[in-house]
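Enquirer: Please find one structure pasted underneath; my questions will follow.
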Amino acid sequence: MKPQKSSQKDTCQQPQQVQASKQLYQQACNLLPGGVNSPVRAFGAVGGVPRFMKKAKGCRVIDQDDNEYIDYLASWGPMILGHCHESVSVAVARAAQRGLSFGTPTKLEVRMAELVCAAFDSIEMVRFVNSGTEATTSAIRLARGITGRDKILKVAGGYHGHVDALLVQAGSGLITFGLPSSAGVPKSVTADTVVIPYNDPEAAKAAFSQCGEQLACLLIEPIAGNMGVVQPQSGYLQTLRQLCDKHSVLLIFDEVITGFRVAMGGAQQLYGVSADLTCLGKIIGGGLPVGAYGGSRKLMEHLAPLGPVYQAGTLSGNPLATTAGIATVEALTEPGLYDRLEELSASLAQGLKSAAAQAGVQITINRVGSMMTVFFNADPVMNYQDAMRSDTAAYAKFFHAMLQRGVYIPPAQFEAMFVSAAHQKDDIDQTIATAEIAFTIDL
Ligand SMILES: *Cc1c(COP(=O)(O)O)cnc(C)c1O
């Protein structure tokens with residue numbers, strides 16, 4: 001792209017000081033594989049020094065060199081209220097005084113379950129676990145246990161955590177690092193995994209007519225978030241619902257990102273399509289490690305101790321995590337909160353679009369509520385293949401241009417950025433002004 005004059009004054013005169021992050025990263029690389037505990041954090045897709053964060057407040061995160069950033073990573077989704085939300089932080093601190101873990105049932109789990117069941121029409125009973133990965137792993141086991149069938153259907157570019165059987169054409173870090181699937185997963189484990197393209201009803205119909213009677217479940221992110229954000233085409237989810245009903249296959253929605261993000265009741269509420277089982281995570285932990293899966297009483301009663309499907313967890317329903325989840329979900333019931341998120345997110349998307357157009361950079365923004373992806377792609381992005389045609393090198397440059405100027409977007413093209421309730425109009429405006437400059441920087 002040709003650099004053009006921006007109306008904005010560039011405040012970035014000197015390169016950012018990242019000495020402390022750099023030094024920590026060197027130490028970390030000696031001690032942790034890649035210096036990180038989750039691959040995309042290592043900046044492999046964008047290069048440069050991963051920023052080591054030390055604290056955060058509201059919509060801002062601060063690194064070890066005291067650089068401050070407007071945060072659109074939101075810890076990959078959980079921080080919908082922003083960081084250190086008063087009621088969440090206070091509740092967690094108090095809970096810590098009462099005990100960190102009991103290994104017994106608690107009142108908190110009952111309350112959290114009430115909140116989840118109230119938010120989702122399709123959930124009458126829920127089981128809490130410790131991560132999204134655990135939720136999807138367990139939901140698949142439950143589906144197989146209920147149906148007595150082994151095969152599972154997933155979508156190319158869908159990511160459901162690092163579940164062995166699902167690390168086939170998976171999204172998120174696997175796309176970023178160009179891995180068709182992970183080493184260490186035996187062929188026998190993925191032999192029962194069938195993959196279809198997203199947003200392609202015909203491919204779904206073909207798969208169901210081929211092996212519908214052998215399928216335990218179709219597991220899908222109703223709004224794809226891990227090939228970058230891709231919304232379902234009109235009627236697509238309804239078609240999947242019908243196919244599942246026709247072939248007695250359980251429809252599992254992985255709403256680990258979308259649950260409580262696009263609406264209290266997730267994508268199911270937004271599109272009016274019910275799942276048989278729903279996987280949750282991220283927001284329901286309010287920043288602490290939590291996952292959950294739920295569905296009708298009839299389905300969930302197949303779980304031990306009531307039924308034959310075993311699944312357990314030493315720290316499941318942990319009082320701190322549950323407290324953070326309760327405080328977060330309760331705060332989300334504030335009237336108008338989702339409308340405000342929509343408004344802010346719409347103005348951010350519009351502003352980014354204009355900024356790119358002004359700079360002559362071709363992008364496509366996919367957005368549902370407060371989750372969005374800026375694809376460096378001139379064409380519409382409707383599935384994994386489309387997403388793959390994005391200019392990841394341009395994304396990397398844009399990422400660094402933004403980072404240098406105090407805006408933290410996800411360090412890879414195929415991820416979602418999130419607006420939180422702590423973002424204000426000023427933060428959005430500042431982000432757009434920054435983007436006006438960033439888009440002109442030799443992309
Ligand atoms: C993040 C994510 C997961 C995995 O959750 P973890 O807590 O990282 O194990 C599963 N599904 C989706 C859609 C996700 O975005």
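By convention here, the chains of the structure tokens are called A, B, ... in the order presented, each chain's residues are numbered starting at 1, and ligands are numbered starting at 1 in the order presented.
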What do you get as JSON, numbers by chain if you pick all residues at most 8 Å from ligand 1, counting only C-alpha atoms and all ligand atoms?
Expert: {"A": [76, 77, 130, 131, 132, 133, 134, 135, 136, 158, 159, 160, 161, 162, 221, 224, 225, 226, 254, 255, 256, 257, 258, 279, 280, 281, 282, 289, 290, 291]}
Enquirer: Please run DSSP on the backbone and report, as a list in words, all residues within range 52-194 of chain A that come out as strand (DSSP E).
Expert: Met53, Lys54, Lys55, Ala56, Lys57, Arg60, Val61, Ile62, Asp63, Glu68, Tyr69, Ile70, Asp71, Met125, Val126, Arg127, Phe128, Val129, Lys151, Ile152, Leu153, Lys154, Val155, Thr193 and Val194 of chain A
Enquirer: Output the selection as a JSON list (two decimals), in the first residue's frame - N, CA, C and O atoms for each residue.
Expert:
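Result written to again.json:
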[["chain", "number", "residue", "atom", "x", "y", "z"],
["A", 53, "MET", "N", 2.47, -8.52, 30.64],
["A", 53, "MET", "CA", 1.59, -7.59, 31.35],
["A", 53, "MET", "C", 1.75, -7.74, 32.85],
["A", 53, "MET", "O", 1.96, -8.84, 33.36],
["A", 54, "LYS", "N", 1.64, -6.63, 33.55],
["A", 54, "LYS", "CA", 1.71, -6.71, 35.00],
["A", 54, "LYS", "C", 0.42, -6.29, 35.68],
["A", 54, "LYS", "O", 0.15, -6.72, 36.79],
["A", 55, "LYS", "N", -0.35, -5.45, 35.04],
["A", 55, "LYS", "CA", -1.65, -5.11, 35.64],
["A", 55, "LYS", "C", -2.58, -4.52, 34.60],
["A", 55, "LYS", "O", -2.18, -4.23, 33.47],
["A", 56, "ALA", "N", -3.80, -4.34, 35.03],
["A", 56, "ALA", "CA", -4.81, -3.82, 34.11],
["A", 56, "ALA", "C", -5.91, -3.16, 34.91],
["A", 56, "ALA", "O", -6.10, -3.45, 36.10],
["A", 57, "LYS", "N", -6.59, -2.24, 34.25],
["A", 57, "LYS", "CA", -7.75, -1.60, 34.90],
["A", 57, "LYS", "C", -8.68, -1.14, 33.79],
["A", 57, "LYS", "O", -8.24, -0.49, 32.83],
["A", 60, "ARG", "N", -7.81, -0.96, 29.94],
["A", 60, "ARG", "CA", -6.38, -0.78, 29.69],
["A", 60, "ARG", "C", -5.52, -1.82, 30.38],
["A", 60, "ARG", "O", -5.80, -2.20, 31.52],
["A", 61, "VAL", "N", -4.50, -2.25, 29.67],
["A", 61, "VAL", "CA", -3.51, -3.16, 30.25],
["A", 61, "VAL", "C", -2.15, -2.45, 30.25],
["A", 61, "VAL", "O", -1.87, -1.63, 29.38],
["A", 62, "ILE", "N", -1.32, -2.79, 31.24],
["A", 62, "ILE", "CA", -0.03, -2.13, 31.41],
["A", 62, "ILE", "C", 1.06, -3.18, 31.47],
["A", 62, "ILE", "O", 0.95, -4.16, 32.21],
["A", 63, "ASP", "N", 2.11, -2.99, 30.66],
["A", 63, "ASP", "CA", 3.15, -4.01, 30.62],
["A", 63, "ASP", "C", 4.29, -3.69, 31.59],
["A", 63, "ASP", "O", 4.27, -2.67, 32.30],
["A", 68, "GLU", "N", 1.19, 1.54, 28.32],
["A", 68, "GLU", "CA", -0.23, 1.31, 28.53],
["A", 68, "GLU", "C", -0.91, 1.10, 27.18],
["A", 68, "GLU", "O", -0.58, 1.77, 26.21],
["A", 69, "TYR", "N", -1.85, 0.17, 27.15],
["A", 69, "TYR", "CA", -2.54, -0.15, 25.90],
["A", 69, "TYR", "C", -4.05, -0.18, 26.12],
["A", 69, "TYR", "O", -4.52, -0.66, 27.15],
["A", 70, "ILE", "N", -4.78, 0.30, 25.13],
["A", 70, "ILE", "CA", -6.22, 0.04, 25.10],
["A", 70, "ILE", "C", -6.37, -1.41, 24.67],
["A", 70, "ILE", "O", -5.84, -1.81, 23.63],
["A", 71, "ASP", "N", -7.07, -2.17, 25.48],
["A", 71, "ASP", "CA", -7.06, -3.63, 25.32],
["A", 71, "ASP", "C", -8.27, -4.14, 24.55],
["A", 71, "ASP", "O", -9.41, -3.94, 24.97],
["A", 125, "MET", "N", -29.85, -28.19, 33.14],
["A", 125, "MET", "CA", -28.83, -28.65, 34.09],
["A", 125, "MET", "C", -27.46, -28.40, 33.50],
["A", 125, "MET", "O", -27.28, -28.47, 32.28],
["A", 126, "VAL", "N", -26.52, -28.13, 34.38],
["A", 126, "VAL", "CA", -25.19, -27.77, 33.90],
["A", 126, "VAL", "C", -24.13, -28.46, 34.76],
["A", 126, "VAL", "O", -24.36, -28.71, 35.95],
["A", 127, "ARG", "N", -23.00, -28.79, 34.15],
["A", 127, "ARG", "CA", -21.86, -29.33, 34.90],
["A", 127, "ARG", "C", -20.70, -28.36, 34.71],
["A", 127, "ARG", "O", -20.35, -28.02, 33.58],
["A", 128, "PHE", "N", -20.11, -27.91, 35.81],
["A", 128, "PHE", "CA", -18.97, -27.00, 35.71],
["A", 128, "PHE", "C", -17.65, -27.76, 35.67],
["A", 128, "PHE", "O", -17.46, -28.75, 36.39],
["A", 129, "VAL", "N", -16.76, -27.29, 34.83],
["A", 129, "VAL", "CA", -15.42, -27.84, 34.70],
["A", 129, "VAL", "C", -14.42, -26.68, 34.77],
["A", 129, "VAL", "O", -14.80, -25.59, 35.21],
["A", 151, "LYS", "N", -18.91, -41.40, 15.78],
["A", 151, "LYS", "CA", -18.43, -40.33, 14.90],
["A", 151, "LYS", "C", -18.90, -38.96, 15.37],
["A", 151, "LYS", "O", -19.97, -38.80, 15.94],
["A", 152, "ILE", "N", -18.04, -37.98, 15.12],
["A", 152, "ILE", "CA", -18.41, -36.60, 15.43],
["A", 152, "ILE", "C", -18.14, -35.72, 14.22],
["A", 152, "ILE", "O", -17.21, -35.97, 13.45],
["A", 153, "LEU", "N", -18.98, -34.73, 14.05],
["A", 153, "LEU", "CA", -18.87, -33.83, 12.90],
["A", 153, "LEU", "C", -18.42, -32.47, 13.41],
["A", 153, "LEU", "O", -18.97, -31.96, 14.40],
["A", 154, "LYS", "N", -17.42, -31.91, 12.77],
["A", 154, "LYS", "CA", -16.98, -30.55, 13.12],
["A", 154, "LYS", "C", -16.77, -29.74, 11.86],
["A", 154, "LYS", "O", -16.85, -30.27, 10.75],
["A", 155, "VAL", "N", -16.46, -28.48, 12.07],
["A", 155, "VAL", "CA", -16.34, -27.54, 10.97],
["A", 155, "VAL", "C", -14.88, -27.15, 10.78],
["A", 155, "VAL", "O", -14.16, -26.95, 11.76],
["A", 193, "THR", "N", -13.58, -38.43, 13.31],
["A", 193, "THR", "CA", -13.91, -37.02, 13.18],
["A", 193, "THR", "C", -14.15, -36.68, 11.71],
["A", 193, "THR", "O", -13.29, -36.91, 10.86],
["A", 194, "VAL", "N", -15.31, -36.18, 11.41],
["A", 194, "VAL", "CA", -15.66, -35.77, 10.05],
["A", 194, "VAL", "C", -15.69, -34.25, 10.00],
["A", 194, "VAL", "O", -16.21, -33.61, 10.92]]
Enquirer: How many Å lie between CA of Leu243 in chain A and CA of Met372 in chain A, rounded to one decimal?
Expert: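 About the pair CA of Leu243 in chain A and CA of Met372 in chain A: they are 28.6 Å apart.
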Enquirer: With only C-alpha atoms as the basis for distance, which of A:Thr239, A:Tyr72, A:Gly286, A:Ile363 is at the shortest distance from Ile428 in chain A?
Expert: A:Tyr72
Enquirer: Neighbours of Cys211 in chain A within 12 Å (only C-alpha atoms; same-chain residues fewer than 4 positions away dropped), as JSON, numbers by chain?
Expert: {"A": [149, 150, 151, 152, 153, 192, 193, 194, 195, 204, 205, 206, 207, 215, 216, 217, 218, 243, 244, 247, 248, 249]}
Enquirer: Grab the residues selected above and save them as a PDB file, in the first residue's frame with N, CA and C atoms.
Expert:
ATOM      1  N   ARG A 149     -23.059 -43.806  19.568  1.00  0.00           N
ATOM      2  CA  ARG A 149     -22.387 -43.654  18.279  1.00  0.00           C
ATOM      3  C   ARG A 149     -21.011 -43.024  18.507  1.00  0.00           C
ATOM      4  N   ASP A 150     -20.094 -43.254  17.566  1.00  0.00           N
ATOM      5  CA  ASP A 150     -18.716 -42.783  17.768  1.00  0.00           C
ATOM      6  C   ASP A 150     -18.338 -41.547  16.951  1.00  0.00           C
ATOM      7  N   LYS A 151     -18.908 -41.402  15.781  1.00  0.00           N
ATOM      8  CA  LYS A 151     -18.434 -40.332  14.896  1.00  0.00           C
ATOM      9  C   LYS A 151     -18.898 -38.955  15.374  1.00  0.00           C
ATOM     10  N   ILE A 152     -18.039 -37.977  15.120  1.00  0.00           N
ATOM     11  CA  ILE A 152     -18.408 -36.601  15.434  1.00  0.00           C
ATOM     12  C   ILE A 152     -18.139 -35.722  14.218  1.00  0.00           C
ATOM     13  N   LEU A 153     -18.985 -34.728  14.052  1.00  0.00           N
ATOM     14  CA  LEU A 153     -18.870 -33.833  12.902  1.00  0.00           C
ATOM     15  C   LEU A 153     -18.420 -32.474  13.414  1.00  0.00           C
ATOM     16  N   ASP A 192     -12.652 -40.942  13.702  1.00  0.00           N
ATOM     17  CA  ASP A 192     -14.103 -40.766  13.787  1.00  0.00           C
ATOM     18  C   ASP A 192     -14.532 -39.309  13.651  1.00  0.00           C
ATOM     19  N   THR A 193     -13.576 -38.434  13.309  1.00  0.00           N
ATOM     20  CA  THR A 193     -13.912 -37.021  13.176  1.00  0.00           C
ATOM     21  C   THR A 193     -14.146 -36.679  11.706  1.00  0.00           C
ATOM     22  N   VAL A 194     -15.314 -36.176  11.411  1.00  0.00           N
ATOM     23  CA  VAL A 194     -15.658 -35.773  10.046  1.00  0.00           C
ATOM     24  C   VAL A 194     -15.691 -34.247  10.003  1.00  0.00           C
ATOM     25  N   VAL A 195     -15.096 -33.675   8.952  1.00  0.00           N
ATOM     26  CA  VAL A 195     -14.999 -32.216   8.878  1.00  0.00           C
ATOM     27  C   VAL A 195     -15.770 -31.679   7.673  1.00  0.00           C
ATOM     28  N   ALA A 204     -23.104 -29.929   4.585  1.00  0.00           N
ATOM     29  CA  ALA A 204     -23.656 -30.532   5.801  1.00  0.00           C
ATOM     30  C   ALA A 204     -24.653 -31.630   5.425  1.00  0.00           C
ATOM     31  N   LYS A 205     -25.518 -31.325   4.468  1.00  0.00           N
ATOM     32  CA  LYS A 205     -26.504 -32.325   4.033  1.00  0.00           C
ATOM     33  C   LYS A 205     -25.810 -33.568   3.503  1.00  0.00           C
ATOM     34  N   ALA A 206     -24.769 -33.361   2.715  1.00  0.00           N
ATOM     35  CA  ALA A 206     -24.033 -34.496   2.144  1.00  0.00           C
ATOM     36  C   ALA A 206     -23.421 -35.343   3.255  1.00  0.00           C
ATOM     37  N   ALA A 207     -22.826 -34.692   4.236  1.00  0.00           N
ATOM     38  CA  ALA A 207     -22.201 -35.438   5.340  1.00  0.00           C
ATOM     39  C   ALA A 207     -23.245 -36.239   6.107  1.00  0.00           C
ATOM     40  N   LEU A 215     -23.327 -40.665  13.438  1.00  0.00           N
ATOM     41  CA  LEU A 215     -22.855 -39.462  14.135  1.00  0.00           C
ATOM     42  C   LEU A 215     -23.458 -39.344  15.533  1.00  0.00           C
ATOM     43  N   ALA A 216     -22.586 -39.122  16.520  1.00  0.00           N
ATOM     44  CA  ALA A 216     -23.061 -38.817  17.868  1.00  0.00           C
ATOM     45  C   ALA A 216     -23.480 -37.360  17.957  1.00  0.00           C
ATOM     46  N   CYS A 217     -22.667 -36.505  17.348  1.00  0.00           N
ATOM     47  CA  CYS A 217     -22.941 -35.075  17.498  1.00  0.00           C
ATOM     48  C   CYS A 217     -22.321 -34.260  16.378  1.00  0.00           C
ATOM     49  N   LEU A 218     -22.878 -33.081  16.214  1.00  0.00           N
ATOM     50  CA  LEU A 218     -22.255 -32.029  15.416  1.00  0.00           C
ATOM     51  C   LEU A 218     -21.846 -30.960  16.408  1.00  0.00           C
ATOM     52  N   LEU A 243     -31.135 -31.024  10.335  1.00  0.00           N
ATOM     53  CA  LEU A 243     -30.377 -32.231   9.980  1.00  0.00           C
ATOM     54  C   LEU A 243     -30.126 -33.091  11.220  1.00  0.00           C
ATOM     55  N   CYS A 244     -29.770 -32.445  12.304  1.00  0.00           N
ATOM     56  CA  CYS A 244     -29.509 -33.183  13.546  1.00  0.00           C
ATOM     57  C   CYS A 244     -30.778 -33.885  14.025  1.00  0.00           C
ATOM     58  N   HIS A 247     -31.639 -36.979  11.914  1.00  0.00           N
ATOM     59  CA  HIS A 247     -30.760 -38.140  12.059  1.00  0.00           C
ATOM     60  C   HIS A 247     -30.472 -38.479  13.521  1.00  0.00           C
ATOM     61  N   SER A 248     -31.233 -37.898  14.430  1.00  0.00           N
ATOM     62  CA  SER A 248     -31.041 -38.124  15.872  1.00  0.00           C
ATOM     63  C   SER A 248     -29.590 -37.898  16.301  1.00  0.00           C
ATOM     64  N   VAL A 249     -29.037 -36.808  15.811  1.00  0.00           N
ATOM     65  CA  VAL A 249     -27.667 -36.425  16.164  1.00  0.00           C
ATOM     66  C   VAL A 249     -27.757 -35.239  17.126  1.00  0.00           C
TER      67      VAL A 249
END
Enquirer: Sort by chain and increasing residue number a table of all residues of range 217-263 of chain A within 8 Å of range 326-350 of chain A, each with its closest pair of atoms and their distance in Å to one decimal, counting only C-alpha atoms, and write it as a Markdown table.
Expert:
| residue | atom | partner | partner_atom | distance |
| --- | --- | --- | --- | --- |
| A:Phe260 | CA | A:Val329 | CA | 7.7 |
| A:Val262 | CA | A:Tyr338 | CA | 7.8 |
| A:Ala263 | CA | A:Tyr338 | CA | 6.8 |
Enquirer: Of the candidates A:Ala422, A:Pro222, A:Cys12, A:Glu301, which one gets nearest to Glu86 in chain A if we count only C-alpha atoms?
Expert: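 So, comparing all the options, the nearest one is A:Ala422.
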Enquirer: Which residues, written as an MDAnalysis selection string, have at least one atom at most 9 Å from Asp379 in chain A, with only C-alpha atoms counted and residues fewer than 3 positions away on the same chain left out?
Expert: chainID A and resid 362:364 386 389:390
Enquirer: Pick the closest to Tyr236 in chain A from A:Glu213, A:Asp200, A:Asp121, A:Asp65: which is it, counting only C-alpha atoms?
Expert: A:Asp200
Enquirer: List the spatial neighbours of range 393-404 of chain A as an MDAnalysis selection string - criterion: any atom at most 8 Å away, only C-alpha atoms, same-chain residues fewer than 2 positions off excluded.
Expert: chainID A and resid 12 15:16 45:47 69 375:376 391 406:413 434:435 438:439 441:443
Enquirer: Just C-alpha atoms for this one: save the residues we selected as a short mmCIF file (atom, residue, chain, number, x, y, z; two decimals), in the first residue's frame.
Expert:
data_model
loop_
_atom_site.label_atom_id
_atom_site.label_comp_id
_atom_site.auth_asym_id
_atom_site.auth_seq_id
_atom_site.Cartn_x
_atom_site.Cartn_y
_atom_site.Cartn_z
CA CYS A 12 4.77 7.72 17.99
CA PRO A 15 10.21 3.16 19.39
CA GLN A 16 8.47 1.86 22.47
CA ALA A 45 2.37 -14.81 13.85
CA VAL A 46 3.41 -11.18 14.10
CA GLY A 47 7.02 -11.34 15.30
CA TYR A 69 -2.54 -0.15 25.90
CA PHE A 375 -9.44 -9.31 7.90
CA PHE A 376 -6.78 -8.01 5.56
CA ASP A 391 -2.82 -11.07 4.06
CA GLY A 406 -0.85 1.89 22.60
CA VAL A 407 -3.60 -0.31 21.15
CA TYR A 408 -3.52 -4.04 21.84
CA ILE A 409 -5.37 -6.16 19.28
CA PRO A 410 -4.96 -9.96 19.03
CA PRO A 411 -1.47 -11.00 17.91
CA ALA A 412 -2.78 -13.08 14.99
CA GLN A 413 -5.16 -12.59 12.10
CA THR A 434 -4.52 5.33 15.88
CA ALA A 435 -5.75 3.06 13.10
CA ALA A 438 -1.46 2.48 11.39
CA PHE A 439 -3.20 1.73 8.08
CA ILE A 441 2.28 2.49 7.56
CA ASP A 442 3.58 0.56 4.60
CA LEU A 443 1.20 -2.37 4.83
#
Enquirer: What does the distance between CA of Gly259 in chain A and CA of Met417 in chain A come to in Å, to one decimal place?
Expert: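 Between CA of Gly259 in chain A and CA of Met417 in chain A the gap works out to 15.4 Å.
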Enquirer: When distances are computed from only C-alpha atoms, which of A:Leu142, A:Tyr384, A:Leu352, A:Ala304 shows the smallest separation from Ala170 in chain A?
Expert: A:Tyr384
Enquirer: In Å, how far is it from CA of Thr373 in chain A to CA of Glu415 in chain A?
Expert: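 Between these atoms lies a distance of 6.8 Å.
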Enquirer: Per DSSP on the backbone, filter range 5-174 of chain A down to the residues in helix (DSSP H, G or I) and report them as a ChimeraX atom specification.
Expert: /A:19-31,33-35,39-42,74-76,86-98,107-119,132-147,164-166,173-174
Enquirer: Can you tell me, as a list in words, what residues are no more than 7 Å from Ile80 in chain A when counting only C-alpha atoms, ignoring any on the same chain fewer than 6 positions away?
Expert: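 My list of contacting residues is Ala74, Ile283, Ser420 and Ala421 of chain A.
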Enquirer: The selected residues should be written to file as a PDB file, in the first residue's frame (atoms: all heavy atoms).
Expert:
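Listing of selection01.pdb after writing:
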ATOM      1  N   ALA A  74      -8.855  -8.719  25.733  1.00  0.00           N
ATOM      2  CA  ALA A  74      -9.802  -9.117  26.780  1.00  0.00           C
ATOM      3  C   ALA A  74      -9.520 -10.517  27.299  1.00  0.00           C
ATOM      4  O   ALA A  74     -10.444 -11.290  27.572  1.00  0.00           O
ATOM      5  CB  ALA A  74     -11.243  -9.019  26.265  1.00  0.00           C
ATOM      6  N   ILE A 283     -16.196 -16.072  29.553  1.00  0.00           N
ATOM      7  CA  ILE A 283     -16.918 -15.078  30.368  1.00  0.00           C
ATOM      8  C   ILE A 283     -17.457 -15.672  31.671  1.00  0.00           C
ATOM      9  O   ILE A 283     -17.417 -15.012  32.710  1.00  0.00           O
ATOM     10  CB  ILE A 283     -18.062 -14.430  29.550  1.00  0.00           C
ATOM     11  CG1 ILE A 283     -17.468 -13.499  28.484  1.00  0.00           C
ATOM     12  CG2 ILE A 283     -19.021 -13.651  30.459  1.00  0.00           C
ATOM     13  CD1 ILE A 283     -18.480 -12.915  27.523  1.00  0.00           C
ATOM     14  N   SER A 420     -15.183  -4.182  25.470  1.00  0.00           N
ATOM     15  CA  SER A 420     -15.728  -4.469  26.799  1.00  0.00           C
ATOM     16  C   SER A 420     -16.615  -3.326  27.258  1.00  0.00           C
ATOM     17  O   SER A 420     -16.606  -2.231  26.674  1.00  0.00           O
ATOM     18  CB  SER A 420     -14.586  -4.656  27.806  1.00  0.00           C
ATOM     19  OG  SER A 420     -14.092  -3.395  28.222  1.00  0.00           O
ATOM     20  N   ALA A 421     -17.345  -3.608  28.324  1.00  0.00           N
ATOM     21  CA  ALA A 421     -18.215  -2.584  28.907  1.00  0.00           C
ATOM     22  C   ALA A 421     -17.404  -1.455  29.535  1.00  0.00           C
ATOM     23  O   ALA A 421     -17.952  -0.397  29.857  1.00  0.00           O
ATOM     24  CB  ALA A 421     -19.136  -3.204  29.943  1.00  0.00           C
TER      25      ALA A 421
END
Enquirer: From the set A:Leu32, A:Ala203, A:Leu299, A:Val49, which residue has the shortest atom-to-atom contact distance to Val18 in chain A, counting only C-alpha atoms?
Expert: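 Under the stated criterion, the closest residue is A:Val49.
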Enquirer: So which residues touch range 116-120 of chain A within 6 Å, counting only C-alpha atoms, skipping near sequence neighbours fewer than 4 positions away, as a list of chain:residue names?
Expert: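 Non-adjacent residues within range: A:Glu124, A:Met264, A:Gly265.
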